[in-house]
$ cat run_14.cif   # mmCIF, C-alpha atoms
data_query
loop_
_atom_site.label_atom_id
_atom_site.label_comp_id
_atom_site.auth_asym_id
_atom_site.auth_seq_id
_atom_site.Cartn_x
_atom_site.Cartn_y
_atom_site.Cartn_z
CA MET A 55 136.21 58.33 50.90
CA GLN A 56 136.04 55.35 48.57
CA ALA A 57 137.34 51.90 49.45
CA ILE A 58 136.92 48.26 48.57
CA THR A 59 135.03 46.53 51.37
CA VAL A 60 133.90 43.00 52.17
CA ARG A 61 131.06 41.90 54.44
CA ASP A 62 130.16 38.30 53.58
CA ARG A 63 132.86 35.70 54.23
CA ALA A 64 131.00 32.99 52.33
CA ALA A 65 130.80 35.12 49.17
CA GLY A 66 134.55 35.15 48.52
CA SER A 67 135.74 37.66 45.91
CA ALA A 68 132.12 38.12 44.77
CA GLY A 69 131.47 39.88 48.08
CA LEU A 70 133.94 42.70 47.37
CA SER A 71 132.48 46.06 46.40
CA LEU A 72 133.49 49.71 45.97
CA THR A 73 131.78 51.70 48.71
CA ASP A 74 131.95 55.00 50.59
CA ILE A 75 133.31 54.66 54.14
CA PRO A 76 134.37 57.18 56.81
CA TYR A 77 137.79 58.81 56.65
CA PRO A 78 140.16 56.91 58.98
CA HIS A 79 141.24 58.06 62.44
CA ALA A 80 144.94 58.36 63.27
CA ALA A 81 145.54 56.65 66.61
CA GLU A 82 148.67 57.14 68.68
CA ASN A 83 151.83 56.42 66.63
CA ASP A 84 149.75 56.20 63.43
CA VAL A 85 149.93 58.15 60.22
CA ILE A 86 147.22 58.67 57.62
CA VAL A 87 148.48 57.85 54.13
CA GLN A 88 146.88 58.94 50.90
CA VAL A 89 147.26 55.70 48.97
CA HIS A 90 148.67 55.99 45.46
CA ALA A 91 149.19 52.27 44.79
CA ALA A 92 148.16 49.17 46.71
CA GLY A 93 148.67 45.43 46.56
CA PHE A 94 146.85 42.43 47.98
CA THR A 95 147.34 38.73 48.62
CA PRO A 96 144.81 36.59 46.72
CA GLY A 97 144.15 34.33 49.73
CA GLU A 98 143.59 37.06 52.31
CA LEU A 99 139.80 36.71 52.17
CA ASP A 100 140.37 33.38 53.95
CA TRP A 101 142.45 34.92 56.75
CA PRO A 102 140.70 35.21 60.15
CA ALA A 103 142.20 38.70 60.62
CA THR A 104 140.27 39.94 57.57
CA TRP A 105 137.04 39.37 59.50
CA SER A 106 137.86 40.06 63.14
CA ASP A 107 140.11 42.26 65.24
CA ARG A 108 142.81 41.03 67.63
CA ALA A 109 140.20 40.46 70.34
CA GLY A 110 138.17 38.23 68.03
CA ARG A 111 135.37 40.76 67.49
CA ASP A 112 133.72 41.11 64.09
CA ARG A 113 135.13 44.10 62.22
CA THR A 114 133.16 44.00 58.97
CA PRO A 115 132.81 45.79 56.67
CA SER A 116 136.57 45.46 56.38
CA VAL A 117 139.00 46.79 53.78
CA PRO A 118 141.44 44.22 52.34
CA GLY A 119 144.91 44.85 50.91
CA HIS A 120 148.07 45.18 53.00
CA GLU A 121 150.72 46.66 50.69
CA LEU A 122 150.82 50.34 49.89
CA SER A 123 152.77 53.27 48.57
CA GLY A 124 151.61 56.82 49.00
CA VAL A 125 152.01 60.15 50.82
CA VAL A 126 151.62 60.97 54.52
CA VAL A 127 148.80 63.49 55.04
CA GLU A 128 148.32 63.37 58.83
CA LEU A 129 150.25 62.34 61.95
CA GLY A 130 148.73 60.71 65.03
CA TYR A 131 149.66 61.75 68.54
CA GLY A 132 153.25 60.86 69.42
CA THR A 133 154.22 59.80 65.91
CA THR A 134 157.89 60.31 65.09
CA GLY A 135 160.18 59.50 62.18
CA LEU A 136 157.80 60.59 59.40
CA THR A 137 156.43 63.96 58.30
CA VAL A 138 153.36 65.26 56.49
CA GLY A 139 153.96 65.31 52.73
CA GLN A 140 156.54 62.50 52.87
CA ARG A 141 156.41 59.69 50.33
CA VAL A 142 156.28 56.29 52.06
CA PHE A 143 155.70 52.61 51.37
CA GLY A 144 155.17 49.54 53.51
CA LEU A 145 152.48 47.31 54.92
CA CYS A 146 149.28 47.60 56.93
CA ASP A 147 148.48 45.63 60.05
CA TRP A 148 146.69 42.33 59.29
CA ALA A 149 143.82 42.97 61.72
CA ARG A 150 143.03 46.56 60.65
CA ASP A 151 141.52 48.05 57.52
CA GLY A 152 143.91 47.73 54.62
CA SER A 153 145.22 49.62 51.64
CA LEU A 154 142.47 49.24 49.01
CA ALA A 155 141.17 52.66 49.94
CA GLU A 156 141.88 56.29 49.18
CA TYR A 157 143.24 56.83 52.70
CA VAL A 158 144.43 54.40 55.37
CA ALA A 159 145.66 54.62 58.97
CA VAL A 160 148.96 52.78 59.42
CA GLU A 161 151.40 52.39 62.29
CA ALA A 162 154.40 54.56 61.44
CA ARG A 163 156.82 51.73 62.23
CA ASN A 164 155.34 49.72 59.34
CA LEU A 165 156.44 52.31 56.77
CA ALA A 166 159.71 53.51 55.28
CA PRO A 167 160.53 56.67 53.32
CA LEU A 168 160.27 56.25 49.56
CA PRO A 169 162.82 58.08 47.36
CA ALA A 170 161.31 60.67 45.04
CA ASP A 171 162.48 58.85 41.90
CA VAL A 172 160.94 55.47 42.81
CA ASP A 173 157.54 54.79 41.26
CA HIS A 174 154.59 54.11 43.58
CA ILE A 175 153.55 51.07 41.52
CA ALA A 176 156.96 49.39 41.90
CA ALA A 177 157.12 50.29 45.59
CA ALA A 178 153.72 48.74 46.32
CA ALA A 179 154.81 45.58 44.50
CA LEU A 180 157.98 45.43 46.59
CA ALA A 181 156.68 46.01 50.12
CA ILE A 182 155.45 42.63 51.37
CA SER A 183 157.05 40.55 48.64
CA GLY A 184 160.47 42.05 49.32
CA LEU A 185 160.27 41.67 53.09
CA THR A 186 158.93 38.12 52.78
CA ALA A 187 161.69 37.12 50.37
CA TRP A 188 164.44 38.60 52.56
CA GLN A 189 163.14 37.15 55.82
CA GLY A 190 162.58 33.72 54.24
CA LEU A 191 166.02 33.51 52.65
CA PHE A 192 168.22 35.09 55.28
CA ASP A 193 166.45 35.46 58.64
CA HIS A 194 164.84 32.00 58.65
CA GLY A 195 166.75 30.17 55.90
CA ARG A 196 170.23 31.49 56.80
CA LEU A 197 171.26 31.33 53.12
CA MET A 198 174.99 31.82 52.53
CA THR A 199 177.28 32.35 49.55
CA GLY A 200 177.91 29.12 47.66
CA GLN A 201 174.83 27.30 48.93
CA THR A 202 172.02 26.00 46.74
CA VAL A 203 168.41 27.17 47.14
CA LEU A 204 165.27 25.82 45.48
CA ILE A 205 162.66 28.57 45.11
CA HIS A 206 159.16 27.39 44.28
CA GLY A 207 157.04 29.88 42.35
CA ALA A 208 160.14 31.62 41.05
CA THR A 209 158.32 34.17 38.90
CA GLY A 210 155.62 35.11 41.41
CA GLY A 211 155.59 38.24 43.53
CA VAL A 212 157.67 36.76 46.37
CA GLY A 213 159.57 34.18 44.33
CA SER A 214 160.89 36.63 41.75
CA ILE A 215 162.33 38.88 44.47
CA ALA A 216 163.79 35.86 46.26
CA VAL A 217 165.56 34.74 43.07
CA GLN A 218 167.20 38.15 42.64
CA LEU A 219 168.26 38.43 46.28
CA ALA A 220 169.65 34.89 46.34
CA ARG A 221 171.63 35.45 43.16
CA GLU A 222 173.11 38.67 44.51
CA ALA A 223 174.09 36.81 47.68
CA GLY A 224 176.14 34.36 45.62
CA ALA A 225 173.87 31.32 45.92
CA ARG A 226 173.10 28.77 43.23
CA VAL A 227 169.40 29.12 42.45
CA ILE A 228 166.97 26.49 41.18
CA GLY A 229 163.61 28.01 40.31
CA SER A 230 160.35 26.15 39.84
CA GLY A 231 157.03 26.96 38.24
CA ARG A 232 154.78 26.21 35.31
CA ALA A 233 156.32 25.62 31.89
CA THR A 234 155.19 29.07 30.74
CA ALA A 235 157.36 30.66 33.44
CA ARG A 236 160.62 29.13 32.21
CA GLU A 237 161.86 32.08 30.14
CA ALA A 238 160.92 34.62 32.79
CA ALA A 239 162.74 32.59 35.45
CA LEU A 240 165.85 32.26 33.33
CA GLY A 241 165.69 36.01 32.73
CA LEU A 242 165.74 36.57 36.49
CA GLY A 243 168.96 34.57 36.69
CA VAL A 244 168.05 31.07 37.91
CA ASP A 245 170.78 28.52 37.24
CA GLU A 246 168.23 25.79 36.60
CA PHE A 247 164.46 25.70 36.04
CA LEU A 248 162.15 22.93 37.26
CA ASP A 249 158.87 22.57 35.35
CA LEU A 250 156.39 21.48 38.00
CA GLN A 251 153.96 20.32 35.31
CA SER A 252 156.34 17.71 33.90
CA ASP A 253 159.49 17.43 36.04
CA PRO A 254 159.49 15.54 39.36
CA VAL A 255 160.40 17.80 42.26
CA GLU A 256 163.05 15.24 43.15
CA ASP A 257 164.99 16.22 40.00
CA ALA A 258 166.26 19.27 41.89
CA GLY A 259 168.52 17.03 44.00
CA GLU A 260 169.75 17.94 47.45
CA VAL A 261 169.68 21.63 48.40
CA ASP A 262 170.65 23.70 51.42
CA LEU A 263 167.38 25.63 51.43
CA VAL A 264 163.90 25.17 50.01
CA PHE A 265 161.83 28.37 49.87
CA ASP A 266 158.22 27.41 49.29
CA VAL A 267 155.22 29.61 48.47
CA LEU A 268 152.93 26.87 47.12
CA GLY A 269 152.20 24.41 49.92
CA GLY A 270 150.39 21.11 49.43
CA GLU A 271 152.06 18.15 47.77
CA ILE A 272 154.97 20.25 46.48
CA LEU A 273 155.79 21.29 50.05
CA ASP A 274 155.53 17.72 51.32
CA ARG A 275 157.78 16.24 48.62
CA SER A 276 160.33 19.04 48.93
CA THR A 277 161.13 18.01 52.49
CA ALA A 278 163.21 15.08 51.24
CA LEU A 279 165.44 17.45 49.23
CA VAL A 280 166.84 19.26 52.27
CA ARG A 281 170.39 18.09 52.94
CA ALA A 282 171.72 17.56 56.46
CA GLY A 283 171.74 20.83 58.37
CA GLY A 284 169.53 22.52 55.78
CA THR A 285 166.19 24.26 56.06
CA LEU A 286 162.78 24.26 54.43
CA VAL A 287 161.03 27.62 54.72
CA THR A 288 157.40 28.07 53.71
CA ILE A 289 154.86 30.88 53.78
CA ALA A 290 152.02 28.71 52.45
CA GLU A 291 151.07 26.56 55.45
CA PRO A 292 152.67 24.87 58.47
CA PRO A 293 154.70 21.92 57.16
CA ARG A 294 153.30 18.47 57.87
CA ILE A 295 156.67 16.71 57.43
CA GLN A 296 160.04 17.63 58.91
CA PRO A 297 163.33 17.13 57.03
CA GLU A 298 165.17 14.08 58.35
CA ASN A 299 168.31 15.99 59.35
CA GLY A 300 167.23 19.58 58.97
CA GLN A 301 164.43 21.88 60.04
CA ALA A 302 161.21 23.25 58.60
CA VAL A 303 159.95 26.78 59.29
CA PHE A 304 156.58 28.40 58.59
CA PHE A 305 156.49 32.17 59.06
CA VAL A 306 154.41 35.28 58.48
CA VAL A 307 156.23 38.40 57.33
CA GLU A 308 157.05 41.03 59.96
CA PRO A 309 157.31 44.82 59.50
CA ASP A 310 160.88 46.12 59.25
CA ARG A 311 161.48 49.77 58.39
CA VAL A 312 165.25 49.38 58.05
CA ARG A 313 164.91 46.46 55.63
CA LEU A 314 162.23 48.29 53.62
CA ALA A 315 164.62 51.21 53.19
CA ASP A 316 167.35 48.82 52.06
CA LEU A 317 165.01 47.23 49.51
CA ALA A 318 164.07 50.68 48.21
CA ARG A 319 167.77 51.48 47.71
CA ARG A 320 168.24 48.26 45.75
CA LEU A 321 165.24 49.10 43.61
CA ARG A 322 166.52 52.63 42.99
CA GLU A 323 169.97 51.34 42.03
CA GLY A 324 168.54 48.82 39.58
CA ARG A 325 169.70 45.82 41.65
CA LEU A 326 166.14 44.66 42.28
CA LYS A 327 163.07 44.70 40.05
CA PRO A 328 159.63 43.47 41.12
CA ILE A 329 157.58 41.82 38.40
CA VAL A 330 154.38 43.84 38.03
CA GLY A 331 151.50 42.15 36.24
CA ASP A 332 148.17 43.91 35.88
CA VAL A 333 147.75 47.51 37.04
CA ARG A 334 144.07 48.27 37.64
CA PRO A 335 142.06 51.20 39.00
CA LEU A 336 140.41 50.87 42.42
CA ARG A 337 136.98 50.11 40.95
CA GLU A 338 138.41 46.98 39.28
CA ALA A 339 140.00 45.54 42.42
CA PRO A 340 137.14 43.06 43.05
CA ALA A 341 137.69 41.50 39.62
CA ALA A 342 141.44 41.31 40.26
CA PHE A 343 140.80 38.99 43.23
CA ALA A 344 139.00 36.42 41.09
CA PRO A 345 141.23 33.31 40.67
CA GLU A 346 140.48 32.93 36.97
CA ARG A 347 141.71 36.47 36.23
CA ARG A 348 145.22 36.23 37.69
CA ASN A 349 148.15 36.95 35.40
CA PRO A 350 151.90 36.48 35.95
CA GLY A 351 153.53 39.00 38.28
CA LYS A 352 152.10 41.07 41.09
CA THR A 353 148.73 42.74 40.48
CA ILE A 354 148.76 46.35 41.68
CA ILE A 355 145.79 48.65 42.23
CA ARG A 356 146.34 52.28 41.25
CA VAL A 357 144.28 54.20 43.80
CA THR A 358 145.34 57.82 43.26
CA GLU A 359 146.47 59.18 39.91
CA GLY A 360 149.62 61.24 39.69
#
$ encode --input "run_14.cif" --output "structure tokens"
Amino acid sequence: MQAITVRDRAAGSAGLSLTDIPYPHAAENDVIVQVHAAGFTPGELDWPATWSDRAGRDRTPSVPGHELSGVVVELGYGTTGLTVGQRVFGLCDWARDGSLAEYVAVEARNLAPLPADVDHIAAAALAISGLTAWQGLFDHGRLMTGQTVLIHGATGGVGSIAVQLAREAGARVIGSGRATAREAALGLGVDEFLDLQSDPVEDAGEVDLVFDVLGGEILDRSTALVRAGGTLVTIAEPPRIQPENGQAVFFVVEPDRVRLADLARRLREGRLKPIVGDVRPLREAPAAFAPERRNPGKTIIRVTEG
């Protein structure tokens, strides 16, 4: 089968190539999914798990990409809850071959059924971004109706979902981003937009929750905005500064079949809409990783037509 693989850590995105690799093996509690659409995180070529397994052993050539939507074609021994021919979406394990391939082995618990009338492209764009947004806002940030949340990167893959979920929960939402993202952020429903190119972060004022996807100086300066009892949540890097009277949390998204199913229902009902940017065929995935080629929204790789 064909897949995007990487062998040379020092080469970055230039080391990605379309190659032929063996068909995957379904271990216990796995399923084999024929991938229709896949997503990736631009920084995952820097992740240790891209290059080694959980025991620290080299696992190259490895297949990147950890978001997928497709159809189950094979069940591993002992697998329950899914059937052959079922449409599914979800995420791959960080330390195993990923979704930028025609077929992938995935733990069944990482996947949820996908309704027949939900597009594979939208589902792939929702999988990790949706879970990350939900867990950041509600599991770690404990966002409640009437509170104020500042969401950095409000029109990105995670940020755009977080804005919609926070609005539906009855929170006041301040979104941040580049000036060119203002109209898109307002269209998502932010109450206020902060232009990070010209507006000081401090203009946001005190908030109950900061949800950060950017890291760096923006993360550091946002700490001072957290009011007493509030929380700063980030997925970018462990925070270097703690809020004076609150807490700071760094987390990595966890699989959650029940929440994935809930997100799919919201998508189907029109209550949630991921922002999809470029849609490219598998052969163009290496170019999609290049930093200078990124466009607004989530880039999705169409692996299987139809």
$ resolve_selection --input "run_14.cif" --expression "the PyMOL selection byres ((chain A and resi 154-158) around 10)" --output "ChimeraX atom specification"
/A:55-59,72-80,84-94,117-122,124-127,146,150-153,159-160,336-337,339,355-358
$ resolve_selection --input "run_14.cif" --expression "the PyMOL selection byres ((chain A and resi 133) around 12)" --output "list of chain:residue names"
A:Ala80, A:Ala81, A:Glu82, A:Asn83, A:Asp84, A:Val85, A:Ile86, A:Val126, A:Glu128, A:Leu129, A:Gly130, A:Tyr131, A:Gly132, A:Thr134, A:Gly135, A:Leu136, A:Thr137, A:Val138, A:Val160, A:Glu161, A:Ala162, A:Arg163
$ atom_distance --input "run_14.cif" --atom1 "CA of Gly241 (chain A)" --atom2 "CA of Val312 (chain A)"
28.6 Å
$ closest_atom_pairs --input "run_14.cif" --of "region 298-334 of chain A" --to "region 187-208 of chain A" --cutoff "8 Å" --atoms "only C-alpha atoms" --output "JSON lines"
{"residue": "A:Val303", "atom": "CA", "partner": "A:His194", "partner_atom": "CA", "distance": 7.2}
{"residue": "A:Phe305", "atom": "CA", "partner": "A:Gly190", "partner_atom": "CA", "distance": 7.9}
{"residue": "A:Val307", "atom": "CA", "partner": "A:Gln189", "partner_atom": "CA", "distance": 7.2}
$ residues_around --input "run_14.cif" --residues "region 320-323 of chain A" --least-positions-apart "3" --cutoff "10 Å" --atoms "all atoms listed in the file" --output "mmCIF file with C-alpha atoms, in the frame of the given file"
data_model
loop_
_atom_site.group_PDB
_atom_site.id
_atom_site.type_symbol
_atom_site.label_atom_id
_atom_site.label_comp_id
_atom_site.auth_asym_id
_atom_site.auth_seq_id
_atom_site.Cartn_x
_atom_site.Cartn_y
_atom_site.Cartn_z
ATOM 1 C CA LEU A 168 160.270 56.250 49.560
ATOM 2 C CA PRO A 169 162.820 58.080 47.360
ATOM 3 C CA ALA A 170 161.310 60.670 45.040
ATOM 4 C CA ASP A 171 162.480 58.850 41.900
ATOM 5 C CA VAL A 172 160.940 55.470 42.810
ATOM 6 C CA ASP A 173 157.540 54.790 41.260
ATOM 7 C CA ALA A 176 156.960 49.390 41.900
ATOM 8 C CA ALA A 177 157.120 50.290 45.590
ATOM 9 C CA LEU A 180 157.980 45.430 46.590
ATOM 10 C CA LEU A 219 168.260 38.430 46.280
ATOM 11 C CA LEU A 314 162.230 48.290 53.620
ATOM 12 C CA ALA A 315 164.620 51.210 53.190
ATOM 13 C CA ASP A 316 167.350 48.820 52.060
ATOM 14 C CA LEU A 317 165.010 47.230 49.510
ATOM 15 C CA LEU A 326 166.140 44.660 42.280
ATOM 16 C CA LYS A 327 163.070 44.700 40.050
ATOM 17 C CA PRO A 328 159.630 43.470 41.120
#
$ residues_around --input "run_14.cif" --residues "region 297-299 of chain A" --least-positions-apart "3" --cutoff "10 Å" --atoms "only C-alpha atoms" --output "mmCIF file with C-alpha atoms, in the frame of the given file"
data_model
loop_
_atom_site.group_PDB
_atom_site.id
_atom_site.type_symbol
_atom_site.label_atom_id
_atom_site.label_comp_id
_atom_site.auth_asym_id
_atom_site.auth_seq_id
_atom_site.Cartn_x
_atom_site.Cartn_y
_atom_site.Cartn_z
ATOM 1 C CA ASP A 274 155.530 17.720 51.320
ATOM 2 C CA SER A 276 160.330 19.040 48.930
ATOM 3 C CA THR A 277 161.130 18.010 52.490
ATOM 4 C CA ALA A 278 163.210 15.080 51.240
ATOM 5 C CA LEU A 279 165.440 17.450 49.230
ATOM 6 C CA VAL A 280 166.840 19.260 52.270
ATOM 7 C CA ARG A 281 170.390 18.090 52.940
ATOM 8 C CA ALA A 282 171.720 17.560 56.460
ATOM 9 C CA GLY A 283 171.740 20.830 58.370
ATOM 10 C CA GLY A 284 169.530 22.520 55.780
ATOM 11 C CA THR A 285 166.190 24.260 56.060
ATOM 12 C CA LEU A 286 162.780 24.260 54.430
ATOM 13 C CA PRO A 293 154.700 21.920 57.160
ATOM 14 C CA ALA A 302 161.210 23.250 58.600
#
$ resolve_selection --input "run_14.cif" --expression "the PyMOL selection byres ((chain A and resi 255) around 9)" --output "JSON, numbers by chain"
{"A": [230, 248, 249, 250, 253, 254, 256, 257, 258, 259, 272, 275, 276, 279]}
$ closest_residue --input "run_14.cif" --among "A:Gln251, A:Glu237, A:Leu242, A:Arg226" --to "Val264 (chain A)" --atoms "only C-alpha atoms"
A:Arg226
$ build_atoms --input "run_14.cif" --residues "region 113-124 of chain A" --atoms "all heavy atoms" --output "PDB file, keeping the file's coordinate frame"
ATOM      1  N   ARG A 113     134.767  42.742  62.618  1.00  0.00           N
ATOM      2  CA  ARG A 113     135.130  44.100  62.220  1.00  0.00           C
ATOM      3  C   ARG A 113     134.652  44.443  60.804  1.00  0.00           C
ATOM      4  O   ARG A 113     135.164  45.364  60.182  1.00  0.00           O
ATOM      5  CB  ARG A 113     136.639  44.320  62.350  1.00  0.00           C
ATOM      6  CG  ARG A 113     137.520  43.531  61.412  1.00  0.00           C
ATOM      7  CD  ARG A 113     138.980  43.871  61.655  1.00  0.00           C
ATOM      8  NE  ARG A 113     139.885  43.313  60.658  1.00  0.00           N
ATOM      9  CZ  ARG A 113     140.206  43.922  59.516  1.00  0.00           C
ATOM     10  NH1 ARG A 113     139.693  45.102  59.228  1.00  0.00           N
ATOM     11  NH2 ARG A 113     141.041  43.352  58.653  1.00  0.00           N
ATOM     12  N   THR A 114     133.698  43.696  60.294  1.00  0.00           N
ATOM     13  CA  THR A 114     133.160  44.000  58.970  1.00  0.00           C
ATOM     14  C   THR A 114     132.223  45.194  59.038  1.00  0.00           C
ATOM     15  O   THR A 114     131.595  45.433  60.078  1.00  0.00           O
ATOM     16  CB  THR A 114     132.419  42.779  58.404  1.00  0.00           C
ATOM     17  OG1 THR A 114     131.365  42.413  59.301  1.00  0.00           O
ATOM     18  CG2 THR A 114     133.359  41.614  58.187  1.00  0.00           C
ATOM     19  N   PRO A 115     132.114  45.971  57.955  1.00  0.00           N
ATOM     20  CA  PRO A 115     132.810  45.790  56.670  1.00  0.00           C
ATOM     21  C   PRO A 115     134.296  46.138  56.795  1.00  0.00           C
ATOM     22  O   PRO A 115     134.647  47.168  57.349  1.00  0.00           O
ATOM     23  CB  PRO A 115     132.102  46.771  55.747  1.00  0.00           C
ATOM     24  CG  PRO A 115     131.600  47.849  56.655  1.00  0.00           C
ATOM     25  CD  PRO A 115     131.241  47.151  57.940  1.00  0.00           C
ATOM     26  N   SER A 116     135.127  45.256  56.292  1.00  0.00           N
ATOM     27  CA  SER A 116     136.570  45.460  56.380  1.00  0.00           C
ATOM     28  C   SER A 116     137.153  45.753  55.005  1.00  0.00           C
ATOM     29  O   SER A 116     136.582  45.393  53.976  1.00  0.00           O
ATOM     30  CB  SER A 116     137.248  44.244  57.003  1.00  0.00           C
ATOM     31  OG  SER A 116     136.952  43.071  56.274  1.00  0.00           O
ATOM     32  N   VAL A 117     138.300  46.407  55.013  1.00  0.00           N
ATOM     33  CA  VAL A 117     139.000  46.790  53.780  1.00  0.00           C
ATOM     34  C   VAL A 117     140.201  45.876  53.620  1.00  0.00           C
ATOM     35  O   VAL A 117     141.096  45.867  54.474  1.00  0.00           O
ATOM     36  CB  VAL A 117     139.458  48.258  53.842  1.00  0.00           C
ATOM     37  CG1 VAL A 117     140.199  48.631  52.558  1.00  0.00           C
ATOM     38  CG2 VAL A 117     138.271  49.189  54.064  1.00  0.00           C
ATOM     39  N   PRO A 118     140.274  45.085  52.549  1.00  0.00           N
ATOM     40  CA  PRO A 118     141.440  44.220  52.340  1.00  0.00           C
ATOM     41  C   PRO A 118     142.623  44.981  51.744  1.00  0.00           C
ATOM     42  O   PRO A 118     142.544  46.194  51.508  1.00  0.00           O
ATOM     43  CB  PRO A 118     140.919  43.153  51.379  1.00  0.00           C
ATOM     44  CG  PRO A 118     139.853  43.857  50.598  1.00  0.00           C
ATOM     45  CD  PRO A 118     139.243  44.881  51.530  1.00  0.00           C
ATOM     46  N   GLY A 119     143.700  44.241  51.467  1.00  0.00           N
ATOM     47  CA  GLY A 119     144.910  44.850  50.910  1.00  0.00           C
ATOM     48  C   GLY A 119     145.863  45.262  52.013  1.00  0.00           C
ATOM     49  O   GLY A 119     145.460  45.946  52.950  1.00  0.00           O
ATOM     50  N   HIS A 120     147.132  44.857  51.919  1.00  0.00           N
ATOM     51  CA  HIS A 120     148.070  45.180  53.000  1.00  0.00           C
ATOM     52  C   HIS A 120     149.406  45.716  52.504  1.00  0.00           C
ATOM     53  O   HIS A 120     150.338  45.864  53.285  1.00  0.00           O
ATOM     54  CB  HIS A 120     148.281  43.958  53.885  1.00  0.00           C
ATOM     55  CG  HIS A 120     147.037  43.567  54.624  1.00  0.00           C
ATOM     56  ND1 HIS A 120     146.592  44.216  55.745  1.00  0.00           N
ATOM     57  CD2 HIS A 120     146.107  42.614  54.352  1.00  0.00           C
ATOM     58  CE1 HIS A 120     145.458  43.684  56.156  1.00  0.00           C
ATOM     59  NE2 HIS A 120     145.141  42.704  55.324  1.00  0.00           N
ATOM     60  N   GLU A 121     149.518  46.033  51.234  1.00  0.00           N
ATOM     61  CA  GLU A 121     150.720  46.660  50.690  1.00  0.00           C
ATOM     62  C   GLU A 121     150.339  48.024  50.144  1.00  0.00           C
ATOM     63  O   GLU A 121     149.304  48.147  49.489  1.00  0.00           O
ATOM     64  CB  GLU A 121     151.296  45.801  49.555  1.00  0.00           C
ATOM     65  CG  GLU A 121     151.705  44.419  49.998  1.00  0.00           C
ATOM     66  CD  GLU A 121     151.513  43.375  48.913  1.00  0.00           C
ATOM     67  OE1 GLU A 121     150.364  42.930  48.710  1.00  0.00           O
ATOM     68  OE2 GLU A 121     152.504  43.013  48.267  1.00  0.00           O
ATOM     69  N   LEU A 122     151.189  49.018  50.370  1.00  0.00           N
ATOM     70  CA  LEU A 122     150.820  50.340  49.890  1.00  0.00           C
ATOM     71  C   LEU A 122     152.044  51.202  49.635  1.00  0.00           C
ATOM     72  O   LEU A 122     153.115  50.981  50.183  1.00  0.00           O
ATOM     73  CB  LEU A 122     149.917  51.060  50.894  1.00  0.00           C
ATOM     74  CG  LEU A 122     150.596  51.662  52.141  1.00  0.00           C
ATOM     75  CD1 LEU A 122     149.810  52.867  52.635  1.00  0.00           C
ATOM     76  CD2 LEU A 122     150.725  50.622  53.240  1.00  0.00           C
ATOM     77  N   SER A 123     151.817  52.184  48.784  1.00  0.00           N
ATOM     78  CA  SER A 123     152.770  53.270  48.570  1.00  0.00           C
ATOM     79  C   SER A 123     151.953  54.535  48.415  1.00  0.00           C
ATOM     80  O   SER A 123     150.916  54.543  47.739  1.00  0.00           O
ATOM     81  CB  SER A 123     153.612  53.002  47.317  1.00  0.00           C
ATOM     82  OG  SER A 123     154.577  54.020  47.141  1.00  0.00           O
ATOM     83  N   GLY A 124     152.398  55.600  49.062  1.00  0.00           N
ATOM     84  CA  GLY A 124     151.610  56.820  49.000  1.00  0.00           C
ATOM     85  C   GLY A 124     152.305  57.975  49.700  1.00  0.00           C
ATOM     86  O   GLY A 124     153.536  58.006  49.815  1.00  0.00           O
TER      87      GLY A 124
END
